[in-house]
Amino acid sequence: MKKLKIAVLVSGSGSNLQVMIDAMQANRLPIEIVGVISNVADAYAITRANNAGVRTVVLSHVENGKKMGIRTFESRATKLLHEWSPDLVMLAGFMRVLSAEFIQSAPCAMINLHPSLLPCYKGLDTHERVLKSGDKWHGCSIHLVTAELDAGEVLTQAVLSVNVDDTPERLRLRVQKLEHALVPFTLAMIAQGFLVLGKVPTCLGASLPIKLYLD
Ligand code: GRF
């Protein structure tokens with residue numbers, strides 16, 4: 001099977017990147033990570049990629065003490081993505097809002113991992129907000145990236161039920177565990193051609209979003 005070439009954008013710890021690296025190295029998924037771009041110089045995700053021999057580029061917010069504007073970041077990232085020619089761009093803990101121009105000029109579809117059951121709780125502090133609202137259900141989503149923040153079509157979700165003794169930190173860890181299952185599931189669906197990311201994404205034999213109850 002032809003491997004799905006993936007470029008990954010990160011800003012933080014990269015635990016989801018690690019799941020992808022492990023699956024690629026063990027041949028559990030037909031994927032090839034063609035490069036990792038970080039906007040944070042000391043993101044642990046970069047160490048993980050370097051340890052795995054995956055090409056990395058840091059396009060830091062702060063370069064020589066000067067802030068890199070979003071336009072500079074985007075034009076450099078666009079150039080790299082066209083050089084690497086991935087089939088898919090994955091935002092895995094990438095914490096910078098991207099412009100419509102950047103998204104449209106990407107060489108392929110772009111997806112994002114978000115720690116809530118979208119369309120609920122777009123943006124930050126999702127676990128705190130879920131607890132404050134007294135929700136019974138929480139989880140994570142993978143969605144198409146569009147110009148509007150966390151608003152593109154939701155492709156897959158993993159769901160958990162909120163426990164009475166959950167705190168934001170407990171929920172974060174429980175959701176992270178779900179993410180580590182949702183990411184390889186979703187990439188397998190795309191790589192195997194079940195999930196097709198056209199303008200209107202479609203899934204063979206299922207309606208979107210596909211929901212996993214793994215808790
Ligand atoms: C994840 O919780 C993801 O949902 C959010 O950022 C976090 C990234 O975690 N967008 P990691 O860097 O993969 O550990």
# chains A, B, ... in the order shown; residues from 1 in each chain; ligands from 1

$ select_by_dssp --residues "stretch 24-146 of chain A" --states "alpha helix (DSSP H)" --output "PyMOL selection string"
chain A and resi 24-25+44-51+70-84+100-105+126-133

$ residues_around --residues "A:Phe194" --least-positions-apart "5" --cutoff "9 Å" --atoms "only C-alpha atoms" --output "ChimeraX atom specification"
/A:188-189,202-205

$ write_last_selection --atoms "N, CA and C atoms" --output "PDB file, in the first residue's frame"
ATOM      1  N   ALA A 188      -5.350   5.940   9.851  1.00  0.00           N
ATOM      2  CA  ALA A 188      -5.564   4.656   9.157  1.00  0.00           C
ATOM      3  C   ALA A 188      -6.737   4.775   8.189  1.00  0.00           C
ATOM      4  N   MET A 189      -7.804   5.436   8.634  1.00  0.00           N
ATOM      5  CA  MET A 189      -8.978   5.608   7.769  1.00  0.00           C
ATOM      6  C   MET A 189      -8.614   6.412   6.510  1.00  0.00           C
ATOM      7  N   THR A 202     -15.861  12.707   2.851  1.00  0.00           N
ATOM      8  CA  THR A 202     -16.822  11.601   2.882  1.00  0.00           C
ATOM      9  C   THR A 202     -16.161  10.377   3.481  1.00  0.00           C
ATOM     10  N   CYS A 203     -17.012   9.497   3.980  1.00  0.00           N
ATOM     11  CA  CYS A 203     -16.489   8.255   4.545  1.00  0.00           C
ATOM     12  C   CYS A 203     -17.294   7.097   3.991  1.00  0.00           C
ATOM     13  N   LEU A 204     -16.584   6.080   3.496  1.00  0.00           N
ATOM     14  CA  LEU A 204     -17.265   4.903   2.953  1.00  0.00           C
ATOM     15  C   LEU A 204     -18.059   4.225   4.056  1.00  0.00           C
ATOM     16  N   GLY A 205     -19.351   4.097   3.858  1.00  0.00           N
ATOM     17  CA  GLY A 205     -20.160   3.299   4.776  1.00  0.00           C
ATOM     18  C   GLY A 205     -20.442   3.929   6.123  1.00  0.00           C
TER      19      GLY A 205
END

$ closest_atom_pairs --of "chain A" --to "ligand 1" --cutoff "8 Å" --atoms "only C-alpha atoms and all ligand atoms" --output "tab-separated table"
residue	atom	partner	partner_atom_place_in_ligand_line	distance
A:Val10	CA	ligand 1	12 (O)	6.7
A:Ser11	CA	ligand 1	12 (O)	6.8
A:Gly12	CA	ligand 1	12 (O)	4.5
A:Ser13	CA	ligand 1	12 (O)	4.0
A:Gly14	CA	ligand 1	12 (O)	3.5
A:Ser15	CA	ligand 1	14 (O)	3.6
A:Asn16	CA	ligand 1	13 (O)	3.7
A:Leu17	CA	ligand 1	13 (O)	5.8
A:Gln18	CA	ligand 1	13 (O)	7.7
A:Ala45	CA	ligand 1	12 (O)	6.7
A:Leu91	CA	ligand 1	10 (N)	7.5
A:Ala92	CA	ligand 1	13 (O)	5.4
A:Gly93	CA	ligand 1	6 (O)	3.3
A:Phe94	CA	ligand 1	10 (N)	6.2
A:Met95	CA	ligand 1	10 (N)	7.2
A:Asn112	CA	ligand 1	10 (N)	7.1
A:Leu113	CA	ligand 1	4 (O)	4.8
A:His114	CA	ligand 1	4 (O)	3.9
A:Pro115	CA	ligand 1	4 (O)	4.0
A:Ser116	CA	ligand 1	4 (O)	7.7
A:Cys140	CA	ligand 1	4 (O)	6.6
A:Ser141	CA	ligand 1	4 (O)	7.7
A:Arg172	CA	ligand 1	2 (O)	7.3
A:Val175	CA	ligand 1	2 (O)	7.3
A:Gln176	CA	ligand 1	2 (O)	5.8
A:Glu179	CA	ligand 1	4 (O)	6.9

$ closest_residue --among "A:Ala7, A:Ala41, A:Leu214, A:Leu80" --to "A:Ile21" --atoms "only C-alpha atoms"
A:Ala7

$ closest_residue --among "A:Glu74, A:Glu32, A:Glu128, A:Glu101" --to "A:Leu88" --atoms "only C-alpha atoms"
A:Glu32

$ select_by_dssp --residues "stretch 12-190 of chain A" --states "strand (DSSP E)" --output "MDAnalysis selection string"
chainID A and resid 31:38 56:58 62:63 66:67 88:91 109:114 137:144 154:161

$ write_last_selection --atoms "N, CA and C atoms" --output "CSV table (one decimal), in the first residue's frame"
chain,number,residue,atom,x,y,z
A,31,ILE,N,2.1,5.1,7.0
A,31,ILE,CA,2.3,6.6,6.9
A,31,ILE,C,3.8,6.8,6.9
A,32,GLU,N,4.2,8.0,6.3
A,32,GLU,CA,5.5,8.5,6.4
A,32,GLU,C,5.5,9.9,6.8
A,33,ILE,N,6.1,10.2,8.0
A,33,ILE,CA,6.2,11.6,8.4
A,33,ILE,C,7.3,12.3,7.6
A,34,VAL,N,6.9,13.2,6.7
A,34,VAL,CA,7.9,13.8,5.9
A,34,VAL,C,8.6,15.0,6.5
A,35,GLY,N,8.1,15.5,7.6
A,35,GLY,CA,8.7,16.6,8.2
A,35,GLY,C,7.9,17.2,9.3
A,36,VAL,N,8.5,17.9,10.3
A,36,VAL,CA,7.8,18.5,11.4
A,36,VAL,C,8.2,19.9,11.5
A,37,ILE,N,7.3,20.8,11.6
A,37,ILE,CA,7.5,22.2,11.7
A,37,ILE,C,7.0,22.7,13.1
A,38,SER,N,7.9,23.3,13.9
A,38,SER,CA,7.5,23.9,15.2
A,38,SER,C,7.6,25.4,15.2
A,56,THR,N,13.2,18.1,10.9
A,56,THR,CA,12.5,19.1,11.6
A,56,THR,C,12.9,20.5,11.2
A,57,VAL,N,12.0,21.5,11.3
A,57,VAL,CA,12.3,22.9,11.0
A,57,VAL,C,11.7,23.7,12.1
A,58,VAL,N,12.4,24.6,12.8
A,58,VAL,CA,11.8,25.5,13.7
A,58,VAL,C,11.7,26.9,13.1
A,62,VAL,N,10.1,33.8,18.1
A,62,VAL,CA,11.1,34.8,18.5
A,62,VAL,C,12.4,34.4,17.9
A,63,GLU,N,12.9,35.2,17.0
A,63,GLU,CA,14.1,34.8,16.3
A,63,GLU,C,15.1,36.0,16.5
A,66,LYS,N,13.8,39.0,18.0
A,66,LYS,CA,12.7,39.7,17.2
A,66,LYS,C,11.6,38.7,17.0
A,67,LYS,N,10.4,39.2,17.1
A,67,LYS,CA,9.2,38.3,16.9
A,67,LYS,C,9.0,38.1,15.4
A,88,LEU,N,-1.0,15.1,3.4
A,88,LEU,CA,-1.8,15.5,4.5
A,88,LEU,C,-1.0,16.4,5.4
A,89,VAL,N,-1.5,17.5,5.9
A,89,VAL,CA,-0.9,18.3,6.9
A,89,VAL,C,-1.7,18.1,8.2
A,90,MET,N,-1.0,17.7,9.3
A,90,MET,CA,-1.6,17.5,10.6
A,90,MET,C,-1.2,18.5,11.6
A,91,LEU,N,-2.1,19.2,12.2
A,91,LEU,CA,-1.8,20.1,13.3
A,91,LEU,C,-2.0,19.3,14.6
A,109,ALA,N,-4.9,18.6,2.0
A,109,ALA,CA,-5.8,18.9,3.1
A,109,ALA,C,-5.1,19.0,4.4
A,110,MET,N,-5.7,19.8,5.3
A,110,MET,CA,-5.1,20.0,6.6
A,110,MET,C,-6.1,19.6,7.7
A,111,ILE,N,-5.6,18.9,8.7
A,111,ILE,CA,-6.5,18.5,9.8
A,111,ILE,C,-5.9,18.9,11.1
A,112,ASN,N,-6.8,19.1,12.1
A,112,ASN,CA,-6.4,19.5,13.4
A,112,ASN,C,-7.0,18.6,14.5
A,113,LEU,N,-6.2,18.4,15.6
A,113,LEU,CA,-6.7,17.6,16.7
A,113,LEU,C,-7.1,18.6,17.8
A,114,HIS,N,-8.3,18.5,18.3
A,114,HIS,CA,-8.8,19.5,19.3
A,114,HIS,C,-9.4,18.8,20.5
A,137,TRP,N,-20.6,14.5,29.0
A,137,TRP,CA,-19.7,13.9,28.0
A,137,TRP,C,-18.6,14.9,27.6
A,138,HIS,N,-17.5,14.4,27.3
A,138,HIS,CA,-16.3,15.2,26.8
A,138,HIS,C,-15.5,14.3,25.9
A,139,GLY,N,-14.4,14.8,25.3
A,139,GLY,CA,-13.6,14.0,24.4
A,139,GLY,C,-12.8,14.9,23.5
A,140,CYS,N,-12.5,14.3,22.4
A,140,CYS,CA,-11.6,15.1,21.4
A,140,CYS,C,-12.1,14.9,20.0
A,141,SER,N,-11.7,15.7,19.1
A,141,SER,CA,-12.2,15.7,17.7
A,141,SER,C,-11.0,15.9,16.8
A,142,ILE,N,-11.1,15.4,15.6
A,142,ILE,CA,-10.2,15.7,14.5
A,142,ILE,C,-11.1,16.3,13.4
A,143,HIS,N,-10.7,17.5,13.0
A,143,HIS,CA,-11.5,18.2,12.0
A,143,HIS,C,-10.7,18.8,10.9
A,144,LEU,N,-11.4,19.1,9.8
A,144,LEU,CA,-10.7,19.8,8.7
A,144,LEU,C,-10.4,21.2,9.1
A,154,VAL,N,-16.1,18.2,11.2
A,154,VAL,CA,-15.5,17.2,12.1
A,154,VAL,C,-15.5,15.9,11.5
A,155,LEU,N,-14.4,15.2,11.5
A,155,LEU,CA,-14.2,13.9,10.8
A,155,LEU,C,-14.4,12.8,11.8
A,156,THR,N,-13.7,12.8,12.9
A,156,THR,CA,-13.8,11.7,13.9
A,156,THR,C,-13.8,12.3,15.3
A,157,GLN,N,-14.4,11.6,16.3
A,157,GLN,CA,-14.4,12.0,17.7
A,157,GLN,C,-14.2,10.8,18.6
A,158,ALA,N,-13.6,11.0,19.7
A,158,ALA,CA,-13.5,9.9,20.7
A,158,ALA,C,-14.2,10.5,22.0
A,159,VAL,N,-15.0,9.7,22.6
A,159,VAL,CA,-15.9,10.3,23.7
A,159,VAL,C,-15.7,9.6,25.0
A,160,LEU,N,-15.7,10.4,26.1
A,160,LEU,CA,-15.7,9.8,27.4
A,160,LEU,C,-16.8,10.4,28.3
A,161,SER,N,-17.2,9.7,29.4
A,161,SER,CA,-18.2,10.3,30.3
A,161,SER,C,-17.4,10.9,31.4

$ residues_around --residues "A:Val130" --least-positions-apart "3" --cutoff "10 Å" --atoms "only C-alpha atoms" --output "PDB file with N, CA and C atoms, in the first residue's frame"
ATOM      1  N   SER A 116     -11.909  18.697  22.552  1.00  0.00           N
ATOM      2  CA  SER A 116     -13.313  18.799  22.974  1.00  0.00           C
ATOM      3  C   SER A 116     -14.159  18.121  21.921  1.00  0.00           C
ATOM      4  N   LEU A 117     -15.436  17.943  22.251  1.00  0.00           N
ATOM      5  CA  LEU A 117     -16.369  17.402  21.268  1.00  0.00           C
ATOM      6  C   LEU A 117     -16.925  18.583  20.475  1.00  0.00           C
ATOM      7  N   CYS A 120     -18.766  21.984  20.307  1.00  0.00           N
ATOM      8  CA  CYS A 120     -18.707  22.575  21.656  1.00  0.00           C
ATOM      9  C   CYS A 120     -17.254  22.906  21.999  1.00  0.00           C
ATOM     10  N   TYR A 121     -17.069  23.972  22.696  1.00  0.00           N
ATOM     11  CA  TYR A 121     -15.777  24.355  23.279  1.00  0.00           C
ATOM     12  C   TYR A 121     -14.657  24.506  22.255  1.00  0.00           C
ATOM     13  N   ASP A 125      -8.761  26.095  27.031  1.00  0.00           N
ATOM     14  CA  ASP A 125      -9.304  25.760  28.359  1.00  0.00           C
ATOM     15  C   ASP A 125     -10.568  24.897  28.266  1.00  0.00           C
ATOM     16  N   THR A 126     -10.560  23.927  27.400  1.00  0.00           N
ATOM     17  CA  THR A 126     -11.771  23.138  27.160  1.00  0.00           C
ATOM     18  C   THR A 126     -12.180  22.325  28.387  1.00  0.00           C
ATOM     19  N   HIS A 127     -11.199  21.759  29.106  1.00  0.00           N
ATOM     20  CA  HIS A 127     -11.541  20.883  30.238  1.00  0.00           C
ATOM     21  C   HIS A 127     -12.204  21.688  31.365  1.00  0.00           C
ATOM     22  N   SER A 133     -19.578  23.740  33.055  1.00  0.00           N
ATOM     23  CA  SER A 133     -20.933  23.588  32.497  1.00  0.00           C
ATOM     24  C   SER A 133     -21.648  22.359  33.038  1.00  0.00           C
ATOM     25  N   GLY A 134     -20.914  21.504  33.734  1.00  0.00           N
ATOM     26  CA  GLY A 134     -21.538  20.285  34.266  1.00  0.00           C
ATOM     27  C   GLY A 134     -21.896  19.281  33.177  1.00  0.00           C
ATOM     28  N   ASP A 135     -21.138  19.280  32.085  1.00  0.00           N
ATOM     29  CA  ASP A 135     -21.420  18.342  30.988  1.00  0.00           C
ATOM     30  C   ASP A 135     -21.191  16.898  31.411  1.00  0.00           C
ATOM     31  N   LYS A 136     -21.963  16.014  30.796  1.00  0.00           N
ATOM     32  CA  LYS A 136     -21.793  14.584  31.088  1.00  0.00           C
ATOM     33  C   LYS A 136     -20.751  13.953  30.168  1.00  0.00           C
ATOM     34  N   TRP A 137     -20.595  14.545  28.968  1.00  0.00           N
ATOM     35  CA  TRP A 137     -19.719  13.948  27.955  1.00  0.00           C
ATOM     36  C   TRP A 137     -18.618  14.916  27.553  1.00  0.00           C
ATOM     37  N   HIS A 138     -17.467  14.353  27.253  1.00  0.00           N
ATOM     38  CA  HIS A 138     -16.334  15.167  26.799  1.00  0.00           C
ATOM     39  C   HIS A 138     -15.497  14.287  25.872  1.00  0.00           C
ATOM     40  N   GLY A 139     -14.448  14.829  25.307  1.00  0.00           N
ATOM     41  CA  GLY A 139     -13.623  14.005  24.426  1.00  0.00           C
ATOM     42  C   GLY A 139     -12.764  14.853  23.530  1.00  0.00           C
ATOM     43  N   VAL A 162     -17.851  12.138  31.793  1.00  0.00           N
ATOM     44  CA  VAL A 162     -17.180  12.905  32.837  1.00  0.00           C
ATOM     45  C   VAL A 162     -17.527  12.285  34.199  1.00  0.00           C
ATOM     46  N   PRO A 168      -9.755  19.487  36.012  1.00  0.00           N
ATOM     47  CA  PRO A 168      -9.244  19.787  34.675  1.00  0.00           C
ATOM     48  C   PRO A 168      -8.032  18.926  34.308  1.00  0.00           C
ATOM     49  N   LEU A 171      -9.109  15.337  33.569  1.00  0.00           N
ATOM     50  CA  LEU A 171      -9.756  15.293  32.249  1.00  0.00           C
ATOM     51  C   LEU A 171      -8.723  15.423  31.135  1.00  0.00           C
TER      52      LEU A 171
END
